[in-house]
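Visitor: Below is the file input01.cif, with mmCIF, C-alpha atoms (C1' of nucleotides).
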```
data_coords
loop_
_atom_site.label_atom_id
_atom_site.label_comp_id
_atom_site.auth_asym_id
_atom_site.auth_seq_id
_atom_site.Cartn_x
_atom_site.Cartn_y
_atom_site.Cartn_z
CA MET A 1 93.14 139.89 180.26
CA ALA A 2 94.73 141.70 183.22
CA ASP A 3 96.19 145.21 182.98
CA ILE A 4 94.41 146.48 179.91
CA ASP A 5 95.09 150.05 181.01
CA SER A 6 98.39 150.34 179.17
CA GLY A 7 96.50 152.53 176.66
CA SER A 8 95.80 156.26 176.79
CA GLU A 9 92.47 156.92 178.58
CA ARG A 10 91.31 154.86 181.54
CA PRO A 11 87.78 153.50 181.13
CA VAL A 12 88.26 151.03 183.98
CA PRO A 13 89.30 153.24 186.90
CA ARG A 14 91.46 150.70 188.73
CA LYS A 15 90.33 148.76 191.74
CA ARG A 16 90.70 149.91 195.30
CA ALA A 17 93.97 149.10 197.02
CA ASP A 18 92.42 146.78 199.61
CA ALA A 19 90.57 144.94 196.86
CA ARG A 20 93.80 144.31 194.97
CA ARG A 21 95.53 143.21 198.16
CA ASN A 22 92.73 140.80 199.01
CA GLU A 23 92.61 139.31 195.54
CA ARG A 24 96.31 138.56 195.74
CA ALA A 25 95.96 137.16 199.26
CA LEU A 26 93.10 134.95 198.08
CA LEU A 27 95.04 133.57 195.14
CA ASP A 28 97.98 132.74 197.41
CA ALA A 29 95.79 131.25 200.11
CA ALA A 30 93.83 129.18 197.60
CA ALA A 31 96.99 127.87 195.96
CA ALA A 32 98.36 126.82 199.35
CA ALA A 33 95.04 125.29 200.41
CA PHE A 34 94.76 123.34 197.15
CA VAL A 35 98.20 121.83 197.76
CA THR A 36 97.36 120.88 201.32
CA SER A 37 93.76 119.73 201.01
CA GLY A 38 93.02 119.46 197.30
CA VAL A 39 90.80 121.66 195.16
CA ASP A 40 87.80 120.43 197.14
CA VAL A 41 88.94 122.37 200.18
CA PRO A 42 85.96 124.24 201.70
CA VAL A 43 85.64 127.87 200.68
CA ARG A 44 85.60 128.89 204.33
CA ASP A 45 89.05 127.38 204.87
CA ILE A 46 90.44 129.47 202.05
CA ALA A 47 88.82 132.56 203.51
CA VAL A 48 90.38 131.89 206.91
CA ARG A 49 93.82 131.32 205.36
CA ALA A 50 93.55 134.61 203.50
CA GLY A 51 92.29 136.42 206.59
CA VAL A 52 89.14 137.42 204.76
CA GLY A 53 85.38 136.82 204.92
CA VAL A 54 83.68 134.37 202.58
CA GLY A 55 81.79 137.22 200.92
CA THR A 56 85.08 138.65 199.75
CA ILE A 57 85.87 135.48 197.85
CA TYR A 58 82.63 135.70 195.91
CA ARG A 59 83.17 139.35 195.10
CA HIS A 60 86.41 138.50 193.33
CA PHE A 61 85.50 135.08 191.95
CA PRO A 62 81.88 134.39 190.97
CA SER A 63 82.19 130.76 192.01
CA ARG A 64 84.79 128.38 193.37
CA ALA A 65 85.45 127.17 189.83
CA ASP A 66 86.61 130.64 188.80
CA LEU A 67 89.00 130.70 191.72
CA ILE A 68 90.43 127.37 190.61
CA VAL A 69 90.83 128.69 187.07
CA ALA A 70 92.54 131.83 188.36
CA VAL A 71 94.98 129.82 190.46
CA TYR A 72 96.00 127.50 187.64
CA ARG A 73 95.64 129.84 184.66
CA HIS A 74 99.38 130.32 184.24
CA GLN A 75 100.12 126.61 184.26
CA ILE A 76 97.34 125.90 181.80
CA GLU A 77 98.63 128.63 179.51
CA ALA A 78 102.12 127.17 179.72
CA CYS A 79 100.77 123.75 178.80
CA ALA A 80 98.86 125.18 175.85
CA GLU A 81 101.88 127.06 174.59
CA ALA A 82 104.11 124.01 174.89
CA GLY A 83 102.08 122.23 172.19
CA PRO A 84 103.32 124.06 169.09
CA ALA A 85 106.82 124.22 170.57
CA LEU A 86 106.96 120.46 171.01
CA LEU A 87 105.63 119.94 167.51
CA ALA A 88 108.44 122.09 166.13
CA ASP A 89 111.17 120.44 168.20
CA SER A 90 110.25 116.77 168.16
CA ASP A 91 111.36 114.19 165.65
CA THR A 92 107.85 113.04 164.88
CA PRO A 93 104.35 114.42 165.53
CA HIS A 94 103.51 111.35 167.57
CA ALA A 95 106.47 111.99 169.86
CA ALA A 96 105.30 115.57 170.28
CA LEU A 97 101.78 114.38 171.10
CA ALA A 98 103.07 111.90 173.64
CA GLN A 99 105.26 114.50 175.32
CA TRP A 100 102.47 117.04 175.40
CA ILE A 101 100.05 114.58 176.95
CA ASP A 102 102.74 113.79 179.48
CA LEU A 103 102.84 117.46 180.40
CA PHE A 104 99.09 117.50 180.78
CA VAL A 105 99.17 114.40 182.97
CA ASP A 106 101.96 115.90 185.09
CA PHE A 107 99.82 118.94 185.65
CA LEU A 108 96.65 117.04 186.56
CA VAL A 109 98.25 114.38 188.71
CA THR A 110 99.84 116.91 191.04
CA LYS A 111 96.57 118.80 191.62
CA HIS A 112 94.63 116.74 194.11
CA GLY A 113 91.00 116.54 193.03
CA LEU A 114 91.32 118.75 189.96
CA ALA A 115 90.80 115.97 187.43
CA ALA A 116 87.62 114.94 189.22
CA ALA A 117 86.36 118.52 189.32
CA LEU A 118 87.08 118.82 185.62
CA GLN A 119 84.71 115.98 184.77
CA SER A 120 82.02 116.91 187.26
CA ASP A 121 78.75 117.79 185.57
CA ASP A 122 77.95 120.15 188.43
CA ALA A 123 76.89 123.46 186.93
CA ALA A 124 79.23 125.31 189.29
CA PHE A 125 82.23 123.81 187.50
CA GLN A 126 81.13 124.76 184.02
CA SER A 127 83.53 127.67 183.77
CA LEU A 128 86.40 125.39 184.79
CA HIS A 129 85.37 122.87 182.17
CA ALA A 130 85.01 125.59 179.55
CA TYR A 131 88.37 127.18 180.19
CA PHE A 132 90.29 123.94 179.92
CA LEU A 133 88.48 123.00 176.75
CA ASP A 134 88.85 126.39 175.06
CA ARG A 135 92.53 126.48 175.77
CA LEU A 136 93.65 122.90 175.28
CA VAL A 137 91.38 121.32 172.69
CA PRO A 138 92.74 123.41 169.79
CA VAL A 139 96.30 122.56 170.79
CA CYS A 140 95.55 118.87 171.04
CA ASP A 141 93.72 119.04 167.75
CA GLN A 142 96.78 120.50 166.06
CA LEU A 143 99.00 117.73 167.44
CA LEU A 144 96.52 115.05 166.41
CA ASP A 145 96.21 116.45 162.90
CA ALA A 146 99.97 116.45 162.46
CA ALA A 147 100.26 112.85 163.67
CA VAL A 148 97.43 111.76 161.42
CA ALA A 149 99.03 113.53 158.47
CA ALA A 150 102.25 111.66 159.19
CA GLN A 151 100.19 108.45 159.24
CA GLU A 152 101.40 107.64 162.73
CA ILE A 153 98.01 107.34 164.42
CA ARG A 154 94.54 106.28 163.40
CA PRO A 155 92.49 109.16 162.04
CA ASP A 156 89.30 108.59 164.01
CA MET A 157 90.23 110.19 167.29
CA ASP A 158 88.99 113.65 168.22
CA ALA A 159 90.85 116.02 170.52
CA TYR A 160 87.91 116.48 172.85
CA GLY A 161 87.45 112.79 173.43
CA LEU A 162 91.15 112.19 173.92
CA LEU A 163 91.55 115.01 176.42
CA ARG A 164 88.56 113.85 178.38
CA GLY A 165 89.88 110.33 178.40
CA VAL A 166 93.27 111.43 179.65
CA GLY A 167 91.64 113.70 182.22
CA ASN A 168 89.44 110.85 183.39
CA LEU A 169 92.39 108.50 183.76
CA CYS A 170 94.06 111.04 186.02
CA ILE A 171 91.19 111.02 188.52
CA GLY A 172 92.31 109.67 191.85
CA ALA A 173 95.96 109.47 190.85
CA GLY A 174 98.06 110.53 193.79
CA ASN A 175 95.54 109.23 196.33
CA ASP A 176 96.31 105.62 195.70
CA PRO A 177 99.81 104.26 195.19
CA ARG A 178 98.35 101.16 193.54
CA TYR A 179 96.91 103.22 190.71
CA ASP A 180 99.38 104.44 188.11
CA ALA A 181 97.51 106.86 185.87
CA ARG A 182 100.55 107.60 183.75
CA ARG A 183 100.93 103.99 182.70
CA LEU A 184 97.31 103.82 181.59
CA VAL A 185 97.63 107.04 179.64
CA ASP A 186 100.70 105.60 177.93
CA LEU A 187 98.67 102.53 177.05
CA LEU A 188 95.95 104.74 175.62
CA VAL A 189 98.41 106.70 173.50
CA ALA A 190 99.99 103.44 172.40
CA GLY A 191 96.57 102.20 171.33
CA LEU A 192 96.26 105.27 169.14
CA ARG A 193 99.05 104.17 166.83
CA VAL A 194 98.29 102.62 163.48
CA ARG A 195 98.90 98.90 163.62
CA MET B 1 74.43 86.53 201.94
CA ALA B 2 70.60 86.74 202.18
CA ASP B 3 68.42 83.90 203.50
CA ILE B 4 70.92 81.96 205.55
CA ASP B 5 68.07 80.36 207.46
CA SER B 6 67.73 77.36 205.17
CA GLY B 7 69.30 75.30 207.97
CA SER B 8 67.58 73.60 210.91
CA GLU B 9 67.44 75.98 213.89
CA ARG B 10 66.75 79.64 213.48
CA PRO B 11 69.28 81.84 215.30
CA VAL B 12 68.17 84.90 213.34
CA PRO B 13 64.44 85.07 214.05
CA ARG B 14 63.33 86.66 210.77
CA LYS B 15 62.55 90.31 210.39
CA ARG B 16 59.22 91.90 210.97
CA ALA B 17 56.82 91.94 208.04
CA ASP B 18 56.77 95.73 207.70
CA ALA B 19 60.55 95.77 207.75
CA ARG B 20 60.74 93.26 204.91
CA ARG B 21 58.12 95.17 202.95
CA ASN B 22 59.98 98.45 203.41
CA GLU B 23 63.33 96.98 202.41
CA ARG B 24 61.82 95.71 199.18
CA ALA B 25 60.07 99.04 198.54
CA LEU B 26 63.34 100.86 199.14
CA LEU B 27 65.26 98.70 196.71
CA ASP B 28 62.62 99.24 194.04
CA ALA B 29 62.38 102.97 194.70
CA ALA B 30 66.16 103.38 194.69
CA ALA B 31 66.52 101.45 191.43
CA ALA B 32 63.90 103.65 189.79
CA ALA B 33 65.41 106.83 191.21
CA PHE B 34 68.90 105.85 190.03
CA VAL B 35 67.58 105.40 186.50
CA THR B 36 65.79 108.74 186.53
CA SER B 37 68.25 110.93 188.41
CA GLY B 38 71.47 108.95 188.68
CA VAL B 39 73.03 107.39 191.76
CA ASP B 40 73.58 110.88 193.18
CA VAL B 41 69.85 111.30 193.72
CA PRO B 42 69.20 112.75 197.19
CA VAL B 43 68.34 110.21 199.87
CA ARG B 44 65.17 112.14 200.66
CA ASP B 45 63.90 111.62 197.12
CA ILE B 46 64.32 107.88 197.45
CA ALA B 47 62.50 107.96 200.77
CA VAL B 48 59.58 109.85 199.22
CA ARG B 49 59.41 107.43 196.29
CA ALA B 50 59.29 104.50 198.67
CA GLY B 51 56.71 106.20 200.88
CA VAL B 52 59.05 105.96 203.84
CA GLY B 53 60.99 108.25 206.20
CA VAL B 54 64.71 108.86 205.75
CA GLY B 55 65.41 107.10 209.03
CA THR B 56 64.05 103.90 207.56
CA ILE B 57 66.63 103.98 204.79
CA TYR B 58 69.46 104.14 207.29
CA ARG B 59 68.03 101.32 209.36
CA HIS B 60 68.23 99.01 206.36
CA PHE B 61 71.36 100.39 204.70
CA PRO B 62 74.12 101.90 206.86
CA SER B 63 74.99 104.47 204.19
CA ARG B 64 73.92 105.42 200.71
CA ALA B 65 76.80 103.36 199.33
CA ASP B 66 75.33 100.19 200.80
CA LEU B 67 72.02 100.95 199.15
CA ILE B 68 73.80 101.33 195.81
CA VAL B 69 75.57 98.02 196.33
CA ALA B 70 72.31 96.32 197.24
CA VAL B 71 70.58 97.65 194.12
CA TYR B 72 73.33 96.54 191.74
CA ARG B 73 74.54 93.40 193.52
CA HIS B 74 72.86 91.03 191.08
CA GLN B 75 74.31 92.74 188.03
CA ILE B 76 77.78 92.82 189.53
CA GLU B 77 77.53 89.15 190.37
CA ALA B 78 76.44 88.41 186.83
CA CYS B 79 79.40 90.33 185.48
CA ALA B 80 81.80 88.50 187.76
CA GLU B 81 80.39 85.12 186.79
CA ALA B 82 80.61 85.94 183.10
CA GLY B 83 84.41 86.09 183.30
CA PRO B 84 85.23 82.39 183.57
CA ALA B 85 82.41 81.58 181.14
CA LEU B 86 83.85 83.91 178.50
CA LEU B 87 87.30 82.48 179.05
CA ALA B 88 85.97 79.01 178.39
CA ASP B 89 83.94 79.97 175.33
CA SER B 90 86.18 82.44 173.53
CA ASP B 91 88.75 81.63 170.89
CA THR B 92 91.55 83.47 172.68
CA PRO B 93 92.02 84.83 176.21
CA HIS B 94 92.42 88.33 174.78
CA ALA B 95 89.03 88.08 173.10
CA ALA B 96 87.53 86.94 176.40
CA LEU B 97 89.16 89.85 178.19
CA ALA B 98 87.88 92.33 175.62
CA GLN B 99 84.36 90.95 175.82
CA TRP B 100 84.38 90.94 179.60
CA ILE B 101 85.56 94.53 179.75
CA ASP B 102 82.80 95.38 177.30
CA LEU B 103 80.31 93.91 179.74
CA PHE B 104 81.77 95.98 182.53
CA VAL B 105 81.62 99.12 180.43
CA ASP B 106 78.03 98.37 179.44
CA PHE B 107 77.15 98.10 183.08
CA LEU B 108 78.88 101.31 184.15
CA VAL B 109 77.83 103.47 181.23
CA THR B 110 74.14 102.84 181.82
CA LYS B 111 74.32 103.76 185.53
CA HIS B 112 74.39 107.52 185.60
CA GLY B 113 77.00 108.69 188.13
CA LEU B 114 78.04 105.24 189.30
CA ALA B 115 81.49 105.34 187.76
CA ALA B 116 82.17 108.67 189.46
CA ALA B 117 80.96 107.36 192.80
CA LEU B 118 83.21 104.35 192.38
CA GLN B 119 86.32 106.51 192.19
CA SER B 120 85.29 108.99 194.86
CA ASP B 121 87.64 108.94 197.82
CA ASP B 122 84.78 109.95 200.07
CA ALA B 123 84.74 107.63 203.06
CA ALA B 124 81.01 107.07 202.62
CA PHE B 125 81.65 105.22 199.37
CA GLN B 126 84.28 102.89 200.75
CA SER B 127 81.92 99.92 200.94
CA LEU B 128 80.93 100.47 197.30
CA HIS B 129 84.57 100.59 196.29
CA ALA B 130 85.36 97.50 198.35
CA TYR B 131 82.53 95.41 196.96
CA PHE B 132 83.42 96.10 193.34
CA LEU B 133 87.05 95.36 193.98
CA ASP B 134 86.48 92.17 195.96
CA ARG B 135 84.19 90.79 193.34
CA LEU B 136 85.76 91.90 190.06
CA VAL B 137 89.52 92.15 190.59
CA PRO B 138 89.99 88.36 190.93
CA VAL B 139 87.99 87.78 187.76
CA CYS B 140 89.95 90.37 185.82
CA ASP B 141 93.16 88.93 187.21
CA GLN B 142 92.27 85.51 185.89
CA LEU B 143 91.54 86.89 182.43
CA LEU B 144 94.76 88.89 182.41
CA ASP B 145 96.81 85.91 183.50
CA ALA B 146 95.37 83.78 180.72
CA ALA B 147 96.07 86.44 178.11
CA VAL B 148 99.61 86.90 179.39
CA ALA B 149 100.18 83.13 179.34
CA ALA B 150 99.02 83.11 175.72
CA GLN B 151 101.51 85.92 175.08
CA GLU B 152 98.77 88.13 173.70
CA ILE B 153 99.26 91.07 176.03
CA ARG B 154 102.15 92.67 177.84
CA PRO B 155 102.73 91.15 181.25
CA ASP B 156 103.08 94.35 183.28
CA MET B 157 99.43 95.23 183.77
CA ASP B 158 97.65 94.54 187.06
CA ALA B 159 93.93 93.88 187.34
CA TYR B 160 93.36 96.63 189.88
CA GLY B 161 94.94 99.29 187.72
CA LEU B 162 93.13 98.15 184.60
CA LEU B 163 89.74 98.06 186.27
CA ARG B 164 90.25 101.49 187.75
CA GLY B 165 91.33 102.82 184.40
CA VAL B 166 88.29 101.39 182.67
CA GLY B 167 86.06 102.67 185.47
CA ASN B 168 87.60 106.10 185.20
CA LEU B 169 87.09 106.21 181.45
CA CYS B 170 83.40 105.54 181.98
CA ILE B 171 82.91 108.63 184.15
CA GLY B 172 80.57 111.08 182.49
CA ALA B 173 79.71 108.73 179.64
CA GLY B 174 76.05 109.11 178.87
CA ASN B 175 75.99 112.77 179.92
CA ASP B 176 77.87 113.99 176.89
CA PRO B 177 77.24 112.68 173.38
CA ARG B 178 80.65 114.00 172.33
CA TYR B 179 82.40 111.65 174.73
CA ASP B 180 82.56 108.01 173.66
CA ALA B 181 83.93 106.07 176.61
CA ARG B 182 83.70 102.74 174.84
CA ARG B 183 86.03 103.86 172.09
CA LEU B 184 88.64 104.96 174.60
CA VAL B 185 88.37 101.70 176.49
CA ASP B 186 88.89 99.85 173.23
CA LEU B 187 91.97 101.96 172.62
CA LEU B 188 93.24 101.08 176.07
CA VAL B 189 92.70 97.38 175.54
CA ALA B 190 94.35 97.66 172.14
CA GLY B 191 97.35 99.31 173.80
CA LEU B 192 97.61 96.26 176.04
CA ARG B 193 98.54 93.94 173.18
CA VAL B 194 102.11 92.92 172.62
CA ARG B 195 103.53 94.78 169.64
"C1'" DT C 1 92.35 168.57 205.28
"C1'" DC C 2 87.94 166.86 205.17
"C1'" DA C 3 83.51 165.43 203.75
"C1'" DA C 4 80.83 162.56 200.84
"C1'" DC C 5 80.39 158.75 198.05
"C1'" DA C 6 81.33 154.59 195.50
"C1'" DT C 7 83.40 150.47 196.54
"C1'" DA C 8 84.53 146.55 199.24
"C1'" DC C 9 84.25 143.94 203.52
"C1'" DG C 10 82.65 140.36 207.02
"C1'" DG C 11 79.90 137.06 208.50
"C1'" DA C 12 75.04 135.88 209.39
"C1'" DA C 13 71.62 133.65 206.77
"C1'" DC C 14 69.71 130.41 203.26
"C1'" DG C 15 68.78 126.14 201.03
"C1'" DG C 16 70.45 121.49 200.23
"C1'" DC C 17 73.03 117.61 201.44
"C1'" DG C 18 74.07 112.95 204.19
"C1'" DT C 19 73.44 111.19 208.50
"C1'" DT C 20 71.78 110.62 213.48
"C1'" DC C 21 68.46 110.49 217.07
"C1'" DC C 22 64.46 109.47 219.59
"C1'" DG C 23 59.46 109.55 220.94
"C1'" DG C 24 55.84 107.13 219.27
"C1'" DA C 25 53.61 103.40 216.51
"C1'" DT C 26 53.27 98.53 215.20
"C1'" DG C 27 53.89 93.67 214.28
"C1'" DC C 28 54.67 89.45 216.98
"C1'" DC C 29 54.23 85.95 220.44
"C1'" DA C 30 52.72 84.12 224.94
"C1'" DT D 1 44.80 90.53 224.38
"C1'" DG D 2 48.63 92.38 226.73
"C1'" DG D 3 53.40 93.32 226.77
"C1'" DC D 4 57.56 94.03 224.51
"C1'" DA D 5 61.14 94.04 221.08
"C1'" DT D 6 61.37 95.98 216.77
"C1'" DC D 7 60.77 99.44 213.55
"C1'" DC D 8 59.08 103.90 211.81
"C1'" DG D 9 58.90 109.02 210.65
"C1'" DG D 10 60.77 113.18 210.39
"C1'" DA D 11 62.95 116.79 213.23
"C1'" DA D 12 67.57 117.94 214.16
"C1'" DC D 13 72.62 118.28 213.37
"C1'" DG D 14 76.74 119.63 211.04
"C1'" DC D 15 78.80 120.75 206.73
"C1'" DC D 16 78.63 122.58 202.27
"C1'" DG D 17 78.44 126.50 198.43
"C1'" DT D 18 76.39 130.68 197.78
"C1'" DT D 19 73.77 135.16 198.72
"C1'" DC D 20 72.67 139.24 201.16
"C1'" DC D 21 73.14 143.43 203.52
"C1'" DG D 22 74.59 146.61 207.29
"C1'" DT D 23 78.99 148.48 208.10
"C1'" DA D 24 83.69 150.07 207.19
"C1'" DT D 25 87.15 152.08 204.29
"C1'" DG D 26 89.81 153.82 200.29
"C1'" DT D 27 89.35 157.58 197.04
"C1'" DT D 28 88.44 161.92 195.19
"C1'" DG D 29 87.09 166.70 194.63
"C1'" DA D 30 86.67 170.98 197.19
#
```
Mind turning this structure into structure tokens?
Guide:
Amino acid sequence: MADIDSGSERPVPRKRADARRNERALLDAAAAAFVTSGVDVPVRDIAVRAGVGVGTIYRHFPSRADLIVAVYRHQIEACAEAGPALLADSDTPHAALAQWIDLFVDFLVTKHGLAAALQSDDAAFQSLHAYFLDRLVPVCDQLLDAAVAAQEIRPDMDAYGLLRGVGNLCIGAGNDPRYDARRLVDLLVAGLRVR
Amino acid sequence: MADIDSGSERPVPRKRADARRNERALLDAAAAAFVTSGVDVPVRDIAVRAGVGVGTIYRHFPSRADLIVAVYRHQIEACAEAGPALLADSDTPHAALAQWIDLFVDFLVTKHGLAAALQSDDAAFQSLHAYFLDRLVPVCDQLLDAAVAAQEIRPDMDAYGLLRGVGNLCIGAGNDPRYDARRLVDLLVAGLRVR
DNA sequence: TCAACATACGGAACGGCGTTCCGGATGCCA
DNA sequence: TGGCATCCGGAACGCCGTTCCGTATGTTGA
């Protein structure tokens, strides 16, 4: 989506230098703030870190959810692209599915508060929700289909439901040493197998 | 906890009539508001429903979490007490466990937003968290122990982790027809079985 | 180089939230 | 009925995400 101006004419006349600088500063500041205080960190804190006013945040990112998406876009892309690769490399589709879900869990568990934000029905988080779904559901679907075709798992599980379940299980992981989200996800994936 | 004054002397001299009336009105109003708008309903709305000022809510319930606990206390108690009963009546401990978890899921799924509040790390919800845990973890532990003793499930699952997992899976159920929390919980419980 | 303009900035302001505070009202008991 | 402990209502506080707008600044054409 970025840098479409590799073509001949220039319909989008490039943003001002300070705007580009601020956008970069905001992405860096937000990433750092998310690590320190979780994705629920107040917008004002991010603005202070970036040395910028709050208004500037909203010029670049329509809502806090879009900022979150922007910060994690690369990692989500990487996760999505790992799906077909795992399917090609693994011994069985079920192994690929398990490994891919592990990747997803790794991602969520290390982002304090992200899993909770993902399931929030707050309208402000709709774009976050939508981006994850658009990008990951098709990948998960492909893995599920392959495992079903190999008769490794029961055929009545949909990718959307599974991803939401895994996402839900990751909520609060990392806050509480007594709660091991990964083990529960493993249990869930184990329950998926044909008996 | 209520009505300790069945004894002889009366060290706690009974609350004023208007206070008792308001507490009852608040419980009723909160219950109705939770059904209509979920447990996240603004405190002011509950106050309006009860025909009372916001200050009155906080005199009776130290925080919104305590109001939630008060509203659902009876149902939580019922769920807790159903555990031993199911264990006595069911054919196998695993069946009892599955049925009990079903009860828990039934309870959570019908309380819009409760499951999310339960997992929130917000300090205001600590008493909610604590009450659920105090009351339900021992029951779940008993069911798990029995099922482990009968060699029906793997022995490495703790009651706290399981309850949190089930609670997490129930987040957002009821908002989204595409998400079937019960099915995922069933999968989780199925994954618990020894292979 | 400079003026003029589109673009972007900062932070005050807004509406909503949970919670606290306190002057005034009210039930209770002597 | 008077006096007092108890309780009430709702304004006020601090924090939040988001919006708005007067001001500043990068850019561009002359």
Visitor: Under the rule of at most 10 Å, produce a per-residue listing of chain C near chain A: chain, number, name, the closest pair of atoms, and the distance in Å, as a tab-separated table, using all atoms listed in the file.
Guide:
```
residue	atom	partner	partner_atom	distance
C:DT7	C1'	A:Arg16	CA	7.4
C:DA8	C1'	A:Ala19	CA	6.7
C:DC9	C1'	A:Thr56	CA	6.5
C:DG10	C1'	A:Gly53	CA	4.9
C:DG11	C1'	A:Gly53	CA	6.6
```
Visitor: Dump as a list in words the residues of chain D that approach chain A to within 10 Å, counting all atoms listed in the file.
Guide: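 The contacting residues on chain D are DC15, DC16, DG17, DT18, DT19, DC20, DT25, DG26 and DT27 of chain D.
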Visitor: Could you list, as a PyMOL selection string, the residues of chain A having an atom within 10 Å of chain B when counting all atoms listed in the file?
Guide: chain A and resi 113+116+119-121+156-158+160-172+175-176+178-181+183-193+195
Visitor: Spell out the residues picked by the PyMOL selection byres ((chain B and resi 100) around 10) here, as a PDB file with C-alpha atoms, keeping the file's coordinate frame.
Guide:
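After the write, selection_10.pdb holds the following:
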```pdb
ATOM      1  CA  CYS B  79      79.400  90.330 185.480  1.00  0.00           C
ATOM      2  CA  ALA B  80      81.800  88.500 187.760  1.00  0.00           C
ATOM      3  CA  ALA B  82      80.610  85.940 183.100  1.00  0.00           C
ATOM      4  CA  GLY B  83      84.410  86.090 183.300  1.00  0.00           C
ATOM      5  CA  PRO B  84      85.230  82.390 183.570  1.00  0.00           C
ATOM      6  CA  ALA B  85      82.410  81.580 181.140  1.00  0.00           C
ATOM      7  CA  LEU B  86      83.850  83.910 178.500  1.00  0.00           C
ATOM      8  CA  LEU B  87      87.300  82.480 179.050  1.00  0.00           C
ATOM      9  CA  HIS B  94      92.420  88.330 174.780  1.00  0.00           C
ATOM     10  CA  ALA B  95      89.030  88.080 173.100  1.00  0.00           C
ATOM     11  CA  ALA B  96      87.530  86.940 176.400  1.00  0.00           C
ATOM     12  CA  LEU B  97      89.160  89.850 178.190  1.00  0.00           C
ATOM     13  CA  ALA B  98      87.880  92.330 175.620  1.00  0.00           C
ATOM     14  CA  GLN B  99      84.360  90.950 175.820  1.00  0.00           C
ATOM     15  CA  ILE B 101      85.560  94.530 179.750  1.00  0.00           C
ATOM     16  CA  ASP B 102      82.800  95.380 177.300  1.00  0.00           C
ATOM     17  CA  LEU B 103      80.310  93.910 179.740  1.00  0.00           C
ATOM     18  CA  PHE B 104      81.770  95.980 182.530  1.00  0.00           C
ATOM     19  CA  VAL B 105      81.620  99.120 180.430  1.00  0.00           C
ATOM     20  CA  ASP B 106      78.030  98.370 179.440  1.00  0.00           C
ATOM     21  CA  VAL B 139      87.990  87.780 187.760  1.00  0.00           C
ATOM     22  CA  CYS B 140      89.950  90.370 185.820  1.00  0.00           C
ATOM     23  CA  LEU B 143      91.540  86.890 182.430  1.00  0.00           C
TER      24      LEU B 143
END
```
Visitor: Padding of 4 Å on every side, edges along x, y and z, all listed atoms of range 134-149 of chain A included: what centre and edge lengths in Å, to one decimal, does that box have, as lines of an AutoDock Vina configuration file?
Guide:
```
center_x = 94.6
center_y = 119.1
center_z = 167.1
size_x = 19.4
size_y = 22.7
size_z = 25.3
```
Visitor: For a test of reading the model, state the distance in Å between CA of His112 in chain A and CA of Gly38 in chain A, rounded to one decimal.
Guide: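 About the pair CA of His112 in chain A and CA of Gly38 in chain A: they are 4.5 Å apart.
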Visitor: Please evaluate the PyMOL selection byres ((chain D and resi 30) around 10) against the displayed coordinates and give the resulting residues as a ChimeraX atom specification.
Guide: /C:2-3 /D:28-29
Visitor: Show which residues sit within 9 Å of Thr110 in chain B, as a VMD selection string. Count all atoms listed in the file, and ignore same-chain residues fewer than 3 positions away.
Guide: chain B and resid 35 105 to 107 114 173 to 174
Visitor: Taking the file as shown, find all residues satisfying the PyMOL selection byres ((chain D and resi 14) around 12) and write them as a list in words.
Guide: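 The output of the PyMOL selection byres ((chain D and resi 14) around 12) on this file is DC17, DG18, DT19 and DT20 of chain C; DA12, DC13, DC15 and DC16 of chain D.
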Visitor: For the interface of chain D with range 21-25 of chain C (cut-off 12 Å, counting all atoms listed in the file), please tabulate each contacting residue of chain D alongside its nearest pair of atoms and their separation in Å to one decimal, rows sorted by chain and increasing number, as CSV.
Guide:
```
residue,atom,partner,partner_atom,distance
D:DT6,C1',C:DA25,C1',10.7
D:DC7,C1',C:DA25,C1',8.7
D:DC8,C1',C:DA25,C1',7.2
D:DG9,C1',C:DG24,C1',9.3
D:DG10,C1',C:DC21,C1',10.5
D:DA11,C1',C:DC21,C1',9.2
D:DA12,C1',C:DC21,C1',8.0
D:DC13,C1',C:DC21,C1',9.6
```
Visitor: Atoms to include: C-alpha atoms (C1' of nucleotides). Write the selected residues as a PDB file, in the coordinates of the input.
Guide:
```
ATOM      1  C1'  DT D   6      61.370  95.980 216.770  1.00  0.00           C
ATOM      2  C1'  DC D   7      60.770  99.440 213.550  1.00  0.00           C
ATOM      3  C1'  DC D   8      59.080 103.900 211.810  1.00  0.00           C
ATOM      4  C1'  DG D   9      58.900 109.020 210.650  1.00  0.00           C
ATOM      5  C1'  DG D  10      60.770 113.180 210.390  1.00  0.00           C
ATOM      6  C1'  DA D  11      62.950 116.790 213.230  1.00  0.00           C
ATOM      7  C1'  DA D  12      67.570 117.940 214.160  1.00  0.00           C
ATOM      8  C1'  DC D  13      72.620 118.280 213.370  1.00  0.00           C
TER       9       DC D  13
END
```
Visitor: CA of Gln142 in chain B and CA of Thr92 in chain B, how far apart in Å?
Guide: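 These atoms are spaced 13.4 Å apart.
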Visitor: Work out how far apart CA of Ile153 in chain B and CA of Val194 in chain B are and give it in Å to one decimal.
Guide: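 Atom-to-atom, CA of Ile153 in chain B and CA of Val194 in chain B are spaced 4.8 Å apart.
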Visitor: When you look at DC29 in chain C with a cut-off of 12 Å (counting all atoms listed in the file), what residues show up, excluding the ones that are within fewer than 2 positions of it in the same chain? I need them as a compact mmCIF listing (two decimals) with C-alpha atoms (C1' of nucleotides), keeping the file's coordinate frame.
Guide:
```txt
# COMPACT_ATOMS: atom_id res chain seq x y z
C1' DG C 27 53.89 93.67 214.28
C1' DT D 1 44.80 90.53 224.38
C1' DG D 2 48.63 92.38 226.73
C1' DG D 3 53.40 93.32 226.77
C1' DC D 4 57.56 94.03 224.51
C1' DA D 5 61.14 94.04 221.08
```
